[in-house]
Every structure is written in structure tokens, then in C-alpha cells.
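final24.txt (compact mmCIF, C-alpha atoms)
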```txt
# COMPACT_ATOMS: atom_id res chain seq x y z
CA MET T 730 118.17 62.85 77.96
CA ALA T 731 115.53 64.09 75.61
CA PRO T 732 116.98 66.30 72.89
CA GLU T 733 114.20 68.91 72.99
CA ARG T 734 114.00 71.34 75.92
CA ARG T 735 111.26 70.00 78.09
CA ARG T 736 109.35 72.11 80.54
CA LEU T 737 108.17 70.98 83.95
CA ARG T 738 105.31 72.60 85.76
CA ARG T 739 106.69 73.75 89.10
CA PHE T 740 104.00 75.96 90.63
CA THR T 741 100.23 75.94 90.20
CA ARG T 742 98.36 79.11 89.51
CA THR T 743 97.17 79.15 93.13
CA GLU T 744 100.69 78.87 94.48
CA ARG T 745 101.80 81.68 92.21
CA ALA T 746 98.86 83.82 93.29
CA VAL T 747 99.84 83.38 96.95
CA HIS T 748 103.41 84.34 96.12
CA TRP T 749 102.48 87.50 94.21
CA VAL T 750 99.85 88.67 96.66
CA HIS T 751 102.46 88.36 99.35
CA ALA T 752 105.13 90.07 97.23
CA VAL T 753 102.99 93.06 96.25
CA ALA T 754 101.70 93.49 99.79
CA PHE T 755 105.24 93.27 101.15
CA LEU T 756 106.46 96.03 98.84
CA LEU T 757 103.52 98.32 99.62
CA LEU T 758 103.88 97.70 103.35
CA LEU T 759 107.64 98.22 103.23
CA GLY T 760 107.31 101.44 101.23
CA SER T 761 104.55 102.94 103.34
CA GLY T 762 106.19 101.66 106.53
CA LEU T 763 109.48 103.33 105.69
CA CYS T 764 107.63 106.59 105.07
CA LEU T 765 106.26 106.29 108.60
CA TYR T 766 109.64 105.27 110.00
CA LEU T 767 112.39 107.33 108.36
CA PRO T 768 112.32 111.03 109.28
CA SER T 769 113.71 112.06 105.89
CA LEU T 770 110.96 110.20 104.02
CA ALA T 771 108.37 111.40 106.51
CA GLU T 772 109.30 114.96 105.57
CA VAL T 773 109.12 114.31 101.83
CA VAL T 774 105.81 112.48 102.00
CA SER T 775 104.54 114.35 105.04
CA ARG T 776 100.96 113.04 104.81
CA ARG T 777 101.27 110.70 107.75
CA PRO T 778 97.57 109.90 108.28
CA LEU T 779 97.25 109.01 104.59
CA VAL T 780 100.38 106.82 104.63
CA LYS T 781 99.18 105.18 107.82
CA GLY T 782 95.87 104.43 106.12
CA ILE T 783 97.65 102.91 103.12
CA HIS T 784 99.78 100.78 105.45
CA ILE T 785 96.86 99.47 107.47
CA TYR T 786 94.49 98.87 104.55
CA THR T 787 97.24 97.11 102.60
CA ALA T 788 97.59 94.71 105.50
CA VAL T 789 93.83 94.13 105.57
CA ALA T 790 93.72 93.64 101.78
CA TRP T 791 96.63 91.18 102.00
CA ALA T 792 94.79 89.03 104.54
CA VAL T 793 91.53 89.17 102.57
CA ALA T 794 93.28 88.28 99.30
CA LEU T 795 94.99 85.27 100.88
CA ALA T 796 91.70 84.12 102.35
CA LEU T 797 90.02 84.46 98.95
CA ILE T 798 92.75 82.45 97.25
CA ALA T 799 92.38 79.74 99.88
CA LEU T 800 88.63 79.81 99.27
CA VAL T 801 88.49 79.66 95.48
CA GLY T 802 91.95 78.37 94.61
CA ASP T 803 93.49 74.94 94.38
CA ARG T 804 93.64 74.15 98.09
CA ARG T 805 95.13 70.74 97.50
CA SER T 806 98.20 72.18 95.89
CA LEU T 807 98.60 74.57 98.82
CA MET T 808 98.30 71.76 101.35
CA ARG T 809 100.76 69.66 99.37
CA THR T 810 103.22 72.57 99.34
CA ALA T 811 102.77 73.14 103.07
CA ARG T 812 103.55 69.47 103.73
CA GLU T 813 106.58 69.69 101.50
CA ILE T 814 107.85 72.77 103.35
CA ASP T 815 107.32 71.05 106.69
CA ARG T 816 109.45 68.01 105.88
CA PHE T 817 113.22 68.14 105.93
CA ASP T 818 114.79 64.85 104.88
CA ALA T 819 118.41 63.75 105.25
CA ASP T 820 119.36 65.42 101.95
CA ASP T 821 117.80 68.70 103.09
CA ARG T 822 119.72 68.54 106.33
CA ALA T 823 122.94 67.80 104.44
CA TRP T 824 122.20 70.70 102.06
CA LEU T 825 121.79 73.08 105.00
CA ARG T 826 125.21 71.94 106.20
CA ARG T 827 126.48 73.07 102.80
CA ARG T 828 127.10 69.53 101.53
CA PRO T 829 126.00 68.74 98.00
CA ALA T 830 122.76 66.77 98.15
CA PRO T 831 119.99 66.31 95.59
CA GLN T 832 116.96 68.44 96.31
CA GLY T 833 113.22 68.10 95.85
CA ARG T 834 110.93 70.63 94.17
CA LEU T 835 111.88 73.09 96.91
CA ASN T 836 115.39 73.07 98.27
CA ALA T 837 116.02 73.31 102.00
CA GLY T 838 116.80 77.01 101.80
CA GLN T 839 113.54 77.72 99.99
CA LYS T 840 111.65 75.76 102.63
CA LEU T 841 113.35 77.69 105.39
CA ASN T 842 112.60 80.98 103.64
CA ALA T 843 108.94 80.01 103.32
CA VAL T 844 108.76 79.07 107.01
CA ILE T 845 110.34 82.34 108.13
CA THR T 846 108.15 84.37 105.76
CA ALA T 847 104.98 82.75 107.11
CA ALA T 848 105.97 83.12 110.76
CA PHE T 849 107.05 86.72 110.24
CA ALA T 850 103.80 87.55 108.45
CA LEU T 851 101.86 86.44 111.52
CA LEU T 852 104.19 88.29 113.87
CA PHE T 853 103.87 91.44 111.74
CA VAL T 854 100.08 91.14 112.02
CA VAL T 855 100.14 90.65 115.80
CA THR T 856 102.60 93.46 116.56
CA GLY T 857 100.91 95.69 113.98
CA PHE T 858 97.55 95.06 115.59
CA PHE T 859 98.89 96.15 118.98
CA LEU T 860 100.42 99.28 117.43
CA TRP T 861 97.11 100.13 115.78
CA TYR T 862 94.79 99.24 118.64
CA GLY T 863 97.13 100.46 121.40
CA GLU T 864 96.72 103.95 120.01
CA ARG T 865 92.96 103.64 120.49
CA ASP T 866 92.97 101.87 123.83
CA THR T 867 96.05 102.46 125.92
CA ARG T 868 95.59 99.18 127.81
CA PHE T 869 96.64 97.41 124.61
CA ARG T 870 99.80 99.39 124.13
CA LEU T 871 102.78 97.07 124.51
CA PRO T 872 106.00 99.04 124.70
CA SER T 873 107.93 96.35 122.82
CA ALA T 874 105.49 96.00 119.91
CA LEU T 875 107.20 98.77 117.96
CA LEU T 876 110.66 97.36 118.62
CA VAL T 877 109.63 93.88 117.48
CA HIS T 878 107.82 95.26 114.40
CA ASP T 879 111.01 97.16 113.47
CA TRP T 880 113.27 94.15 113.91
CA LEU T 881 110.97 91.95 111.86
CA MET T 882 111.31 94.59 109.14
CA TYR T 883 115.11 94.60 109.32
CA VAL T 884 115.36 90.82 109.06
CA SER T 885 112.67 90.64 106.35
CA PHE T 886 114.46 93.29 104.37
CA VAL T 887 117.71 91.32 104.40
CA LEU T 888 115.86 88.14 103.38
CA PHE T 889 114.06 90.07 100.65
CA VAL T 890 117.33 91.38 99.21
CA GLY T 891 118.80 87.86 99.23
CA HIS T 892 115.64 86.52 97.60
CA LEU T 893 115.81 89.15 94.85
CA PHE T 894 119.49 88.41 94.26
CA LEU T 895 118.86 84.70 93.75
CA ALA T 896 115.74 85.26 91.67
CA ILE T 897 116.94 88.04 89.40
CA VAL T 898 120.72 88.45 89.51
CA TYR T 899 122.56 85.21 90.25
CA PRO T 900 122.92 83.41 86.90
CA LYS T 901 122.76 79.87 88.27
CA THR T 902 119.47 80.32 90.08
CA ARG T 903 117.62 83.08 88.27
CA HIS T 904 115.88 80.71 85.90
CA ALA T 905 113.71 79.89 88.93
CA LEU T 906 111.95 83.21 88.36
CA ASN T 907 110.25 81.57 85.40
CA GLY T 908 108.67 79.05 87.74
CA ILE T 909 106.97 81.68 89.84
CA THR T 910 105.95 83.93 86.95
CA ARG T 911 104.87 81.43 84.28
CA GLY T 912 104.70 78.29 86.36
CA TRP T 913 107.21 76.12 84.48
CA VAL T 914 110.97 75.58 84.43
CA ASP T 915 113.29 73.88 81.94
CA GLU T 916 113.89 70.24 82.72
CA ASP T 917 117.67 70.44 82.34
CA TRP T 918 117.79 73.32 84.82
CA ALA T 919 115.53 71.38 87.19
CA LEU T 920 117.81 68.34 86.92
CA ARG T 921 120.75 70.41 88.11
CA HIS T 922 118.96 72.05 91.01
CA HIS T 923 116.02 69.82 91.96
CA ARG T 924 117.00 66.35 90.82
CA LYS T 925 114.88 64.39 93.24
CA TRP T 926 111.79 66.25 92.08
CA VAL T 927 112.50 65.49 88.42
CA GLU T 928 113.21 61.85 89.18
CA ARG T 929 109.98 61.52 91.09
CA LEU T 930 108.06 63.02 88.19
CA HIS T 931 109.69 60.52 85.85
CA ASP T 932 108.79 57.68 88.19
CA GLN T 933 105.16 58.74 88.41
CA GLU T 934 104.47 59.21 84.72
CA ALA T 935 105.68 61.11 81.76
CA PRO T 936 106.51 64.61 82.93
CA THR T 937 103.80 67.17 82.60
CA LEU T 938 104.45 68.96 79.37
CA GLU T 939 103.41 72.49 78.75
CA PRO T 940 103.54 74.19 75.41
CA MET L 199 123.66 59.57 96.12
CA THR L 200 122.71 60.37 99.68
CA VAL L 201 119.93 58.77 101.64
CA ASN L 202 116.54 59.58 100.21
CA GLY L 203 113.53 61.13 101.85
CA ASP L 204 112.17 58.34 104.04
CA GLU L 205 113.43 59.84 107.26
CA ALA L 206 111.88 63.25 106.74
CA ARG L 207 111.43 65.23 109.91
CA PRO L 208 108.86 67.98 110.57
CA TYR L 209 111.46 70.70 110.99
CA GLY L 210 109.32 73.14 109.04
CA ARG L 211 106.53 73.30 111.58
CA ARG L 212 108.99 73.24 114.46
CA ALA L 213 110.84 76.22 113.04
CA PHE L 214 107.52 77.97 112.36
CA LEU L 215 106.20 77.42 115.88
CA GLY L 216 109.59 78.26 117.37
CA LEU L 217 109.71 81.57 115.50
CA LEU L 218 106.13 82.37 116.56
CA ALA L 219 106.87 81.56 120.19
CA GLY L 220 110.06 83.57 120.14
CA GLY L 221 108.41 86.50 118.40
CA LEU L 222 105.32 86.61 120.61
CA SER L 223 107.27 86.22 123.84
CA SER L 224 109.64 88.96 122.67
CA LEU L 225 106.75 91.37 123.20
CA TYR L 226 107.64 90.88 126.87
CA TRP L 227 111.40 90.52 126.75
CA ALA L 228 112.48 92.64 123.77
CA GLY L 229 112.18 95.96 125.63
CA PRO L 230 114.13 94.92 128.73
CA ALA L 231 116.63 93.00 126.59
CA ALA L 232 117.20 96.02 124.34
CA ARG L 233 117.79 98.19 127.42
CA ALA L 234 120.15 95.63 128.97
CA LEU L 235 122.11 95.36 125.72
CA ALA L 236 122.10 99.11 125.09
CA PRO L 237 125.80 99.55 126.04
CA VAL L 238 126.72 96.91 123.46
CA THR L 239 124.27 97.93 120.74
CA SER L 240 124.57 101.71 121.08
CA GLY L 241 127.75 101.71 119.01
CA PHE L 242 125.97 99.75 116.31
CA SER L 243 122.88 101.92 116.35
CA GLN L 244 125.04 105.03 116.23
CA LEU L 245 126.75 103.62 113.15
CA LEU L 246 123.36 102.74 111.69
CA GLY L 247 122.14 106.23 112.50
CA ASN L 248 125.09 107.70 110.62
CA LEU L 249 124.64 105.43 107.61
CA LEU L 250 120.87 105.56 107.38
CA PRO L 251 118.68 108.60 107.84
CA VAL L 252 117.16 107.02 110.94
CA GLY L 253 118.76 108.74 113.92
CA GLY L 254 116.25 107.12 116.24
CA TRP L 255 113.52 109.70 115.58
CA ARG L 256 110.13 108.89 114.22
CA ILE L 257 108.06 111.74 113.01
CA TYR L 258 104.49 111.61 114.22
CA THR L 259 101.94 113.96 112.82
CA ILE L 260 98.18 113.98 113.06
CA SER L 261 97.11 115.97 110.02
CA GLY L 262 97.45 115.81 106.26
CA SER L 263 100.61 117.85 105.97
CA MET L 264 103.27 119.34 108.21
CA PRO L 265 102.93 123.07 108.84
CA ILE L 266 105.38 125.22 106.90
CA PHE L 267 107.32 127.80 108.86
CA ASP L 268 107.48 131.21 107.28
CA GLU L 269 109.85 133.45 109.17
CA GLN L 270 108.08 136.64 108.08
CA SER L 271 104.56 135.70 109.06
CA TRP L 272 105.17 133.37 112.04
CA ARG L 273 104.26 134.74 115.45
CA LEU L 274 104.29 133.23 118.90
CA GLU L 275 101.24 134.55 120.69
CA ILE L 276 101.05 134.61 124.49
CA THR L 277 97.49 135.28 125.61
CA GLY L 278 94.92 134.42 128.25
CA LEU L 279 95.46 135.21 131.90
CA VAL L 280 98.38 137.58 131.43
CA ARG L 281 98.89 141.23 132.18
CA LYS L 282 100.57 141.91 128.83
CA PRO L 283 99.33 139.75 125.97
CA LEU L 284 101.95 139.76 123.25
CA GLN L 285 103.14 138.40 119.94
CA LEU L 286 106.79 137.53 119.36
CA THR L 287 108.42 137.35 115.96
CA TYR L 288 110.98 134.64 115.27
CA ALA L 289 113.79 137.20 115.63
CA GLN L 290 112.41 138.39 118.96
CA LEU L 291 112.21 134.81 120.21
CA ARG L 292 115.81 134.15 119.20
CA ALA L 293 116.90 137.37 120.94
CA LEU L 294 115.73 136.12 124.34
CA PRO L 295 118.28 134.61 126.76
CA ARG L 296 119.36 131.36 125.26
CA ALA L 297 119.53 128.04 127.08
CA HIS L 298 121.15 124.73 126.15
CA GLN L 299 120.55 121.27 127.41
CA VAL L 300 121.27 117.66 126.60
CA SER L 301 118.40 115.37 127.50
CA ASP L 302 116.81 112.08 126.52
CA PHE L 303 113.60 111.98 124.54
CA HIS L 304 111.01 109.28 125.22
CA CYS L 305 107.98 108.48 123.13
CA VAL L 306 104.97 106.83 124.70
CA THR L 307 104.96 104.25 121.88
CA GLY L 308 108.23 102.81 123.14
CA TRP L 309 111.14 104.45 121.32
CA SER L 310 113.69 106.83 122.78
CA VAL L 311 116.49 109.05 121.56
CA ALA L 312 119.34 109.51 124.01
CA GLY L 313 121.41 112.64 124.42
CA VAL L 314 119.44 115.11 122.31
CA ARG L 315 121.05 118.57 122.23
CA TRP L 316 118.38 121.25 122.48
CA GLY L 317 118.76 125.01 122.28
CA GLY L 318 115.99 127.43 123.15
CA VAL L 319 114.35 129.61 125.75
CA ARG L 320 113.35 128.86 129.33
CA PHE L 321 109.69 129.52 130.08
CA HIS L 322 110.71 131.70 133.00
CA ASP L 323 112.10 134.23 130.50
CA LEU L 324 109.13 133.96 128.15
CA LEU L 325 106.57 134.37 130.90
CA ALA L 326 108.42 137.32 132.39
CA LEU L 327 107.51 139.25 129.24
CA ALA L 328 103.80 138.51 129.47
CA GLU L 329 103.44 138.64 133.28
CA PRO L 330 100.92 135.92 134.15
CA LEU L 331 98.07 136.89 136.47
CA PRO L 332 97.94 135.17 139.89
CA SER L 333 94.93 133.15 138.69
CA ALA L 334 96.98 131.52 135.88
CA LYS L 335 97.80 127.92 136.73
CA ALA L 336 98.63 126.25 133.42
CA ILE L 337 99.57 126.91 129.80
CA ARG L 338 97.70 125.55 126.82
CA PHE L 339 100.08 125.09 123.90
CA VAL L 340 98.48 125.35 120.47
CA SER L 341 100.18 123.93 117.39
CA LEU L 342 99.96 125.17 113.83
CA GLU L 343 99.11 121.55 113.11
CA GLN L 344 95.44 121.57 113.86
CA PRO L 345 93.81 120.40 116.05
CA TYR L 346 96.89 119.50 118.11
CA ASP L 347 97.18 121.10 121.51
CA ASP L 348 98.38 120.09 124.94
CA SER L 349 99.06 121.73 128.26
CA LEU L 350 101.45 121.84 131.20
CA THR L 351 101.03 123.42 134.62
CA LEU L 352 103.10 126.49 135.46
CA ASP L 353 105.00 124.38 138.02
CA GLN L 354 105.87 121.90 135.27
CA VAL L 355 107.08 124.45 132.71
CA LEU L 356 109.36 125.99 135.33
CA LEU L 357 111.21 122.70 135.97
CA GLY L 358 114.94 123.06 135.28
CA ASP L 359 115.03 121.02 132.07
CA VAL L 360 111.89 122.31 130.36
CA MET L 361 112.22 124.70 127.47
CA LEU L 362 110.78 126.09 124.30
CA ALA L 363 113.35 124.72 121.85
CA TYR L 364 114.26 126.29 118.52
CA GLU L 365 117.44 124.26 117.92
CA LEU L 366 118.11 120.56 117.69
CA ASP L 367 121.67 119.21 117.58
CA GLY L 368 123.03 122.64 116.77
CA GLN L 369 120.68 123.30 113.84
CA PRO L 370 117.51 125.36 113.69
CA LEU L 371 114.59 123.05 114.34
CA SER L 372 113.66 121.33 111.07
CA ARG L 373 110.13 121.02 109.73
CA PRO L 374 109.58 117.43 110.90
CA HIS L 375 110.76 118.37 114.39
CA GLY L 376 108.29 121.23 114.66
CA ALA L 377 109.92 124.31 113.10
CA PRO L 378 110.39 126.90 114.33
CA ALA L 379 109.72 126.07 117.99
CA ARG L 380 108.50 123.18 120.11
CA VAL L 381 108.00 122.42 123.77
CA VAL L 382 110.58 120.13 125.39
CA ILE L 383 109.87 118.40 128.70
CA PRO L 384 112.23 115.40 128.97
CA GLU L 385 110.57 113.89 132.01
CA MET L 386 107.32 113.47 130.13
CA TYR L 387 106.47 111.51 126.99
CA GLY L 388 106.84 113.35 123.70
CA TYR L 389 103.16 113.99 123.08
CA LYS L 390 103.30 116.70 125.75
CA GLY L 391 105.93 118.55 123.70
CA VAL L 392 103.78 120.46 121.22
CA LYS L 393 105.52 121.02 117.89
CA TRP L 394 105.00 123.89 115.43
CA LEU L 395 104.00 126.05 118.39
CA THR L 396 102.06 129.17 117.56
CA ARG L 397 100.15 130.11 120.71
CA MET L 398 100.49 129.84 124.48
CA GLU L 399 97.28 130.46 126.38
CA LEU L 400 97.49 130.95 130.13
CA VAL L 401 94.52 129.33 131.81
CA ASP L 402 93.30 128.66 135.34
CA HIS L 403 93.03 124.91 134.92
CA GLN L 404 94.46 122.35 132.49
CA PRO L 405 92.19 121.66 129.51
CA THR L 406 91.99 118.25 127.85
CA GLY L 407 94.56 118.13 125.07
CA TYR L 408 94.48 116.24 121.79
CA TRP L 409 95.94 112.95 123.07
CA GLU L 410 94.31 113.23 126.49
CA GLY L 411 91.01 113.28 124.61
CA LEU L 412 92.03 109.90 123.17
CA GLY L 413 92.69 108.40 126.59
CA TYR L 414 96.29 109.36 127.28
CA ASP L 415 97.35 110.70 130.69
CA GLN L 416 97.43 114.41 131.44
CA ASN L 417 100.62 113.99 133.46
CA ALA L 418 102.76 111.94 131.11
CA TRP L 419 105.72 111.22 133.41
CA VAL L 420 108.15 108.84 131.73
CA GLY L 421 107.88 105.38 133.25
CA ARG L 422 105.08 106.43 135.61
CA SER L 423 102.07 107.04 133.38
CA ASN L 424 100.04 105.65 130.50
CA GLY L 425 100.16 102.16 131.92
CA TYR L 426 103.93 102.10 132.43
CA GLY L 427 105.41 101.30 135.81
CA SER L 428 102.07 100.44 137.36
```
How does this structure look as C-alpha cells?
Amino acid sequence: MAPERRRLRRFTRTERAVHWVHAVAFLLLLGSGLCLYLPSLAEVVSRRPLVKGIHIYTAVAWAVALALIALVGDRRSLMRTAREIDRFDADDRAWLRRRPAPQGRLNAGQKLNAVITAAFALLFVVTGFFLWYGERDTRFRLPSALLVHDWLMYVSFVLFVGHLFLAIVYPKTRHALNGITRGWVDEDWALRHHRKWVERLHDQEAPTLEP
Amino acid sequence: MTVNGDEARPYGRRAFLGLLAGGLSSLYWAGPAARALAPVTSGFSQLLGNLLPVGGWRIYTISGSMPIFDEQSWRLEITGLVRKPLQLTYAQLRALPRAHQVSDFHCVTGWSVAGVRWGGVRFHDLLALAEPLPSAKAIRFVSLEQPYDDSLTLDQVLLGDVMLAYELDGQPLSRPHGAPARVVIPEMYGYKGVKWLTRMELVDHQPTGYWEGLGYDQNAWVGRSNGYGS
């Protein structure tokens, strides 16, 4: 083991941009959505058409921002990440069964979280579209759209709280926050949590060093 | 060390597509499933309603801010095709014979609140004060929240479970629920129940209300209008 603390680059700038666009949009949508949903907040805020506008335009801005990142960003790193999230090897499957198994750059739980987040984002868009358009053309009003939109919110909220706990509170994992803010993590931390990734980097070449 | 990654399986895309398929198809089964499971889930949602300020209600408004009820200046005006046009103060409204009912509330967007306890006045008693002319066939309800209005026929307002409510669950109607008074007609979707009521205009035929102007049905019977049950 090298005596100095080495840093490994975990996420590209493009990957981080996708994460933070999604995070900011999620918070704005959750906040404005709760103002539309909870009677007590609706009374405090009370400007429903304005809040509705914020909610809808945030969703539009989210989609546009993601499209822009895909257009000008490092698409190869995004495709590589998507492939990584898709594949669950034997270690991942063991990890999900709560057996200790060495993990790649993303552990099986992170992959699962990414999959659910992506699928839910699309489902939010579809149900949200029907809520928005159904008000304008009653033929497009699906009685279950609201119910599904609500339940997506409940599940997302629970996932979000768990995500925050692991990223900010839980001492063993919270170093990961560094990876998504600054892009790099300490090698000794990575060896404990993502050993296969570190080993693969060593195999390929000298690990990418960042000052 | 466990086996390494050579037998990777595309579980990611399978889970993604599975979630999408489940979520999209739930647009068809979620409603019926929620109704079928209601006996099981009602206990949970009651608990949730007690813990969180949800209670099943969503507050829909159409303008920038909710009207503020001022007891001194508020009047309920009854005008149009009546023998005795009049204005009631809040105290005068509360002094009229009082009615209670427990009824379900259904919104056209798909949510419902079961067993709402309303207190208020029957339209029979209100109209007796103003004495509608024989030519009067409907009432246009005008909200303080402009430009919201809607209407019901005289036959409809005289149904047994229709009222002008000033209490909800034993409390004076709160601002989000349309303080001080709102129309309640349980057999129709909520948009017919004008909140923050300030004027009742008796007319000889039903005008087009706010939501009707946006394509919603004049007769908003629950389960039999606005594309439901057809």
C-alpha cells in the first residue's frame, strides 16, 4: 500500500452534472409538489397557480438540462455508467443477498437506486403529463394518474431519505459524498468499499491521480 | 474471493423495464386496486392522516391567493329571480335551521375523502327567505375567488344531501375549505361545490361555469360524467 493518501477519480464532470441536475430538480419538485398536496402547506403558500407553474416549469427545465448535458457532455462516460448499472455480476447478486462480496465502482445497491430513480423519473413525467393535460382536455384525464404520481412520491421520498443518510450521516459511507461533489475518493476508502474497481484500475495502469 | 464479473446479467435493464411496465399499467389497475384494498388500507391511511397533515384533502384554487373571510364585512347575497333579494350576515346565516350530514367527497381528478362531517343550512331554508319567482330554474353560485362560479338546478339543490356548509368535522369551515361557506353536493364532483361563496343568483337557465367553460360537464354526477362510467 502506498504510504501517501491517493485519490481516485470516481465520477466525471458530466456524471456529476447529471446527478446534481436531478437532485436540485427533485428538491424543487418535491417542495412545490408538497405545497400543492398538503392542505396545511397549501394554506401557508396559498398561491396555487404560481406553485403549479413552478412545479411544471421545473420539470421542463429538468428535462432540458439533462438533454443539454447529453448533448455537450462526455457521452461516453454516461454510456459506460449506464452499462455498468445494467450489469449485475455474481458478486452483486451476493451483495444484494447481504453476503460480503467485493464491489465495482458502483455497488449493487447504488445500481438498483439508479435504476429505480431513472424509471421513476419517466413515470413521474408520464403521470404528470396526464395530470397537466387532462385538466385541459378531459379525454386525457386518467383517474389513477394522481394516485400513481402520489405513490411514486412516497417511495421516492423514502429512497431520498435513505440516500441522504448514507451520503451525509453514516460514517462508513459518507466519504462517498466527495465523489459526487469533487469527483474523487480516497483510495483506502475505495479499497474497503469498491475493491474490484480499485483492482481493475491498478490492472489497467497507474491509478489516475488528482492533485 | 467470490466469482468475478464474467457472468454479469442485465438485471439493470430488466428492473428498469419492469418498473416502467408496472408503473404504466398501474394507470389502469391502481384505481380499482386501491378501491379493492380500501378496507385493508383505510386503517393505514387514517393513521397517516393523523400523523401527517394530509387528511385526504387537496386544496385546489384557481387564483393567486385564497380569499380571506372577514366576519364583519362578509355578506351572502341572494339575487336574481327572487321576490325578496337579500343579504345575509354570517350571524344571520348561522341562525338559520342547522343541518348535519356525513357524506363522501369525490374530486374529478381521482381522489376522495370518505365520511366528511358537514354542518350547514339546507337550500330549502335559504330559498324560503328570498322566495324564488316561478321562472327561476337554477342558481348561479359566485365565489369570492374570482372568476370562479358554478351552478346547480333548483331540483338539484333541493336533493336531501345538498347543503350550504359552514362547518367541516365540527369546526367552522377553514380558509382552504372555503370559509365561511361552501356548496356541498356529494353526488357530484367537487368542482360543483363553490367555495368562499358570496352570491347566489337565481336564473332561468344554467349558465356555463368556470370549469364547464374548460370542458367539464355541467351535470357532474360522480361516476357518471366527465368520461367516467361511459
Dump as an MDAnalysis selection string the residues of chain L that approach chain T to within 8 Å, counting all atoms listed in the file. chainID L and resid 199:211 213:215 217:218 221:222 224:229 251:252 255:264 306:309 373:374 412:414 424:425
How would the residues just picked look written out with C-alpha atoms as a PDB file, in the frame of the given file?
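Saved to out38.pdb:
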```pdb
ATOM      1  CA  MET L 199     123.660  59.570  96.120  1.00  0.00           C
ATOM      2  CA  THR L 200     122.710  60.370  99.680  1.00  0.00           C
ATOM      3  CA  VAL L 201     119.930  58.770 101.640  1.00  0.00           C
ATOM      4  CA  ASN L 202     116.540  59.580 100.210  1.00  0.00           C
ATOM      5  CA  GLY L 203     113.530  61.130 101.850  1.00  0.00           C
ATOM      6  CA  ASP L 204     112.170  58.340 104.040  1.00  0.00           C
ATOM      7  CA  GLU L 205     113.430  59.840 107.260  1.00  0.00           C
ATOM      8  CA  ALA L 206     111.880  63.250 106.740  1.00  0.00           C
ATOM      9  CA  ARG L 207     111.430  65.230 109.910  1.00  0.00           C
ATOM     10  CA  PRO L 208     108.860  67.980 110.570  1.00  0.00           C
ATOM     11  CA  TYR L 209     111.460  70.700 110.990  1.00  0.00           C
ATOM     12  CA  GLY L 210     109.320  73.140 109.040  1.00  0.00           C
ATOM     13  CA  ARG L 211     106.530  73.300 111.580  1.00  0.00           C
ATOM     14  CA  ALA L 213     110.840  76.220 113.040  1.00  0.00           C
ATOM     15  CA  PHE L 214     107.520  77.970 112.360  1.00  0.00           C
ATOM     16  CA  LEU L 215     106.200  77.420 115.880  1.00  0.00           C
ATOM     17  CA  LEU L 217     109.710  81.570 115.500  1.00  0.00           C
ATOM     18  CA  LEU L 218     106.130  82.370 116.560  1.00  0.00           C
ATOM     19  CA  GLY L 221     108.410  86.500 118.400  1.00  0.00           C
ATOM     20  CA  LEU L 222     105.320  86.610 120.610  1.00  0.00           C
ATOM     21  CA  SER L 224     109.640  88.960 122.670  1.00  0.00           C
ATOM     22  CA  LEU L 225     106.750  91.370 123.200  1.00  0.00           C
ATOM     23  CA  TYR L 226     107.640  90.880 126.870  1.00  0.00           C
ATOM     24  CA  TRP L 227     111.400  90.520 126.750  1.00  0.00           C
ATOM     25  CA  ALA L 228     112.480  92.640 123.770  1.00  0.00           C
ATOM     26  CA  GLY L 229     112.180  95.960 125.630  1.00  0.00           C
ATOM     27  CA  PRO L 251     118.680 108.600 107.840  1.00  0.00           C
ATOM     28  CA  VAL L 252     117.160 107.020 110.940  1.00  0.00           C
ATOM     29  CA  TRP L 255     113.520 109.700 115.580  1.00  0.00           C
ATOM     30  CA  ARG L 256     110.130 108.890 114.220  1.00  0.00           C
ATOM     31  CA  ILE L 257     108.060 111.740 113.010  1.00  0.00           C
ATOM     32  CA  TYR L 258     104.490 111.610 114.220  1.00  0.00           C
ATOM     33  CA  THR L 259     101.940 113.960 112.820  1.00  0.00           C
ATOM     34  CA  ILE L 260      98.180 113.980 113.060  1.00  0.00           C
ATOM     35  CA  SER L 261      97.110 115.970 110.020  1.00  0.00           C
ATOM     36  CA  GLY L 262      97.450 115.810 106.260  1.00  0.00           C
ATOM     37  CA  SER L 263     100.610 117.850 105.970  1.00  0.00           C
ATOM     38  CA  MET L 264     103.270 119.340 108.210  1.00  0.00           C
ATOM     39  CA  VAL L 306     104.970 106.830 124.700  1.00  0.00           C
ATOM     40  CA  THR L 307     104.960 104.250 121.880  1.00  0.00           C
ATOM     41  CA  GLY L 308     108.230 102.810 123.140  1.00  0.00           C
ATOM     42  CA  TRP L 309     111.140 104.450 121.320  1.00  0.00           C
ATOM     43  CA  ARG L 373     110.130 121.020 109.730  1.00  0.00           C
ATOM     44  CA  PRO L 374     109.580 117.430 110.900  1.00  0.00           C
ATOM     45  CA  LEU L 412      92.030 109.900 123.170  1.00  0.00           C
ATOM     46  CA  GLY L 413      92.690 108.400 126.590  1.00  0.00           C
ATOM     47  CA  TYR L 414      96.290 109.360 127.280  1.00  0.00           C
ATOM     48  CA  ASN L 424     100.040 105.650 130.500  1.00  0.00           C
ATOM     49  CA  GLY L 425     100.160 102.160 131.920  1.00  0.00           C
TER      50      GLY L 425
END
```
Non-local contacts of Leu366 in chain L (9 Å; all atoms listed in the file; under 6 positions in same chain excluded) as a PyMOL selection string: chain L and resi 314-317+372+375
Pick from T:Met882, T:Val854, T:Met808, T:Ile783 nearest to Leu759 in chain T, counting all atoms listed in the file: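 Closest candidate: T:Met882.
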Quick check, in Å to one decimal: how far apart do CA of Leu291 in chain L and CA of Glu385 in chain L lie?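 Distance between the two atoms: 24.1 Å.
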Test item: residues at most 8 Å from range 344-352 of chain L, only C-alpha atoms, excluding those fewer than 3 positions along its chain, as a VMD selection string: chain L and resid 260 to 261 334 to 341 355 to 356 389 to 392 404 to 409
re CA of Val382 in chain L and CA of Phe267 in chain L: distance 18.5 Å
I want to know what sits within 12 Å of Asp268 in chain L, based on all atoms listed in the file, with residues of the same chain fewer than 3 positions away left out; could you give that as a count of residues only? 12
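Across the model, the gap from CA of Val420 in chain L to CA of Asp402 in chain L is 25.0 Å.
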Residues proximal to (113.9, 85.8, 94.6) were defined as those with any atom within 9 Å of that point in the file's coordinates, counting all atoms listed in the file. Which are they, as a ChimeraX atom specification? /T:889-898,903,905-906
Mind completing range 928-933 of chain T with N, CA, C and O atoms? Output as a compact mmCIF listing (two decimals), in the frame of the given file, please?
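File produced: rebuild34.txt:
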```txt
# COMPACT_ATOMS: atom_id res chain seq x y z
N GLU T 928 113.24 63.32 89.19
CA GLU T 928 113.21 61.85 89.18
C GLU T 928 111.85 61.31 89.63
O GLU T 928 111.34 60.34 89.09
N ARG T 929 111.28 61.97 90.62
CA ARG T 929 109.98 61.52 91.09
C ARG T 929 108.92 61.70 90.01
O ARG T 929 108.06 60.85 89.83
N LEU T 930 109.00 62.81 89.29
CA LEU T 930 108.06 63.02 88.19
C LEU T 930 108.21 61.93 87.13
O LEU T 930 107.22 61.41 86.62
N HIS T 931 109.45 61.58 86.83
CA HIS T 931 109.69 60.52 85.85
C HIS T 931 109.13 59.19 86.33
O HIS T 931 108.58 58.43 85.55
N ASP T 932 109.29 58.93 87.63
CA ASP T 932 108.79 57.68 88.19
C ASP T 932 107.28 57.61 88.07
O ASP T 932 106.71 56.56 87.75
N GLN T 933 106.63 58.74 88.38
CA GLN T 933 105.16 58.74 88.41
C GLN T 933 104.59 58.50 87.02
O GLN T 933 103.77 57.65 86.81
```
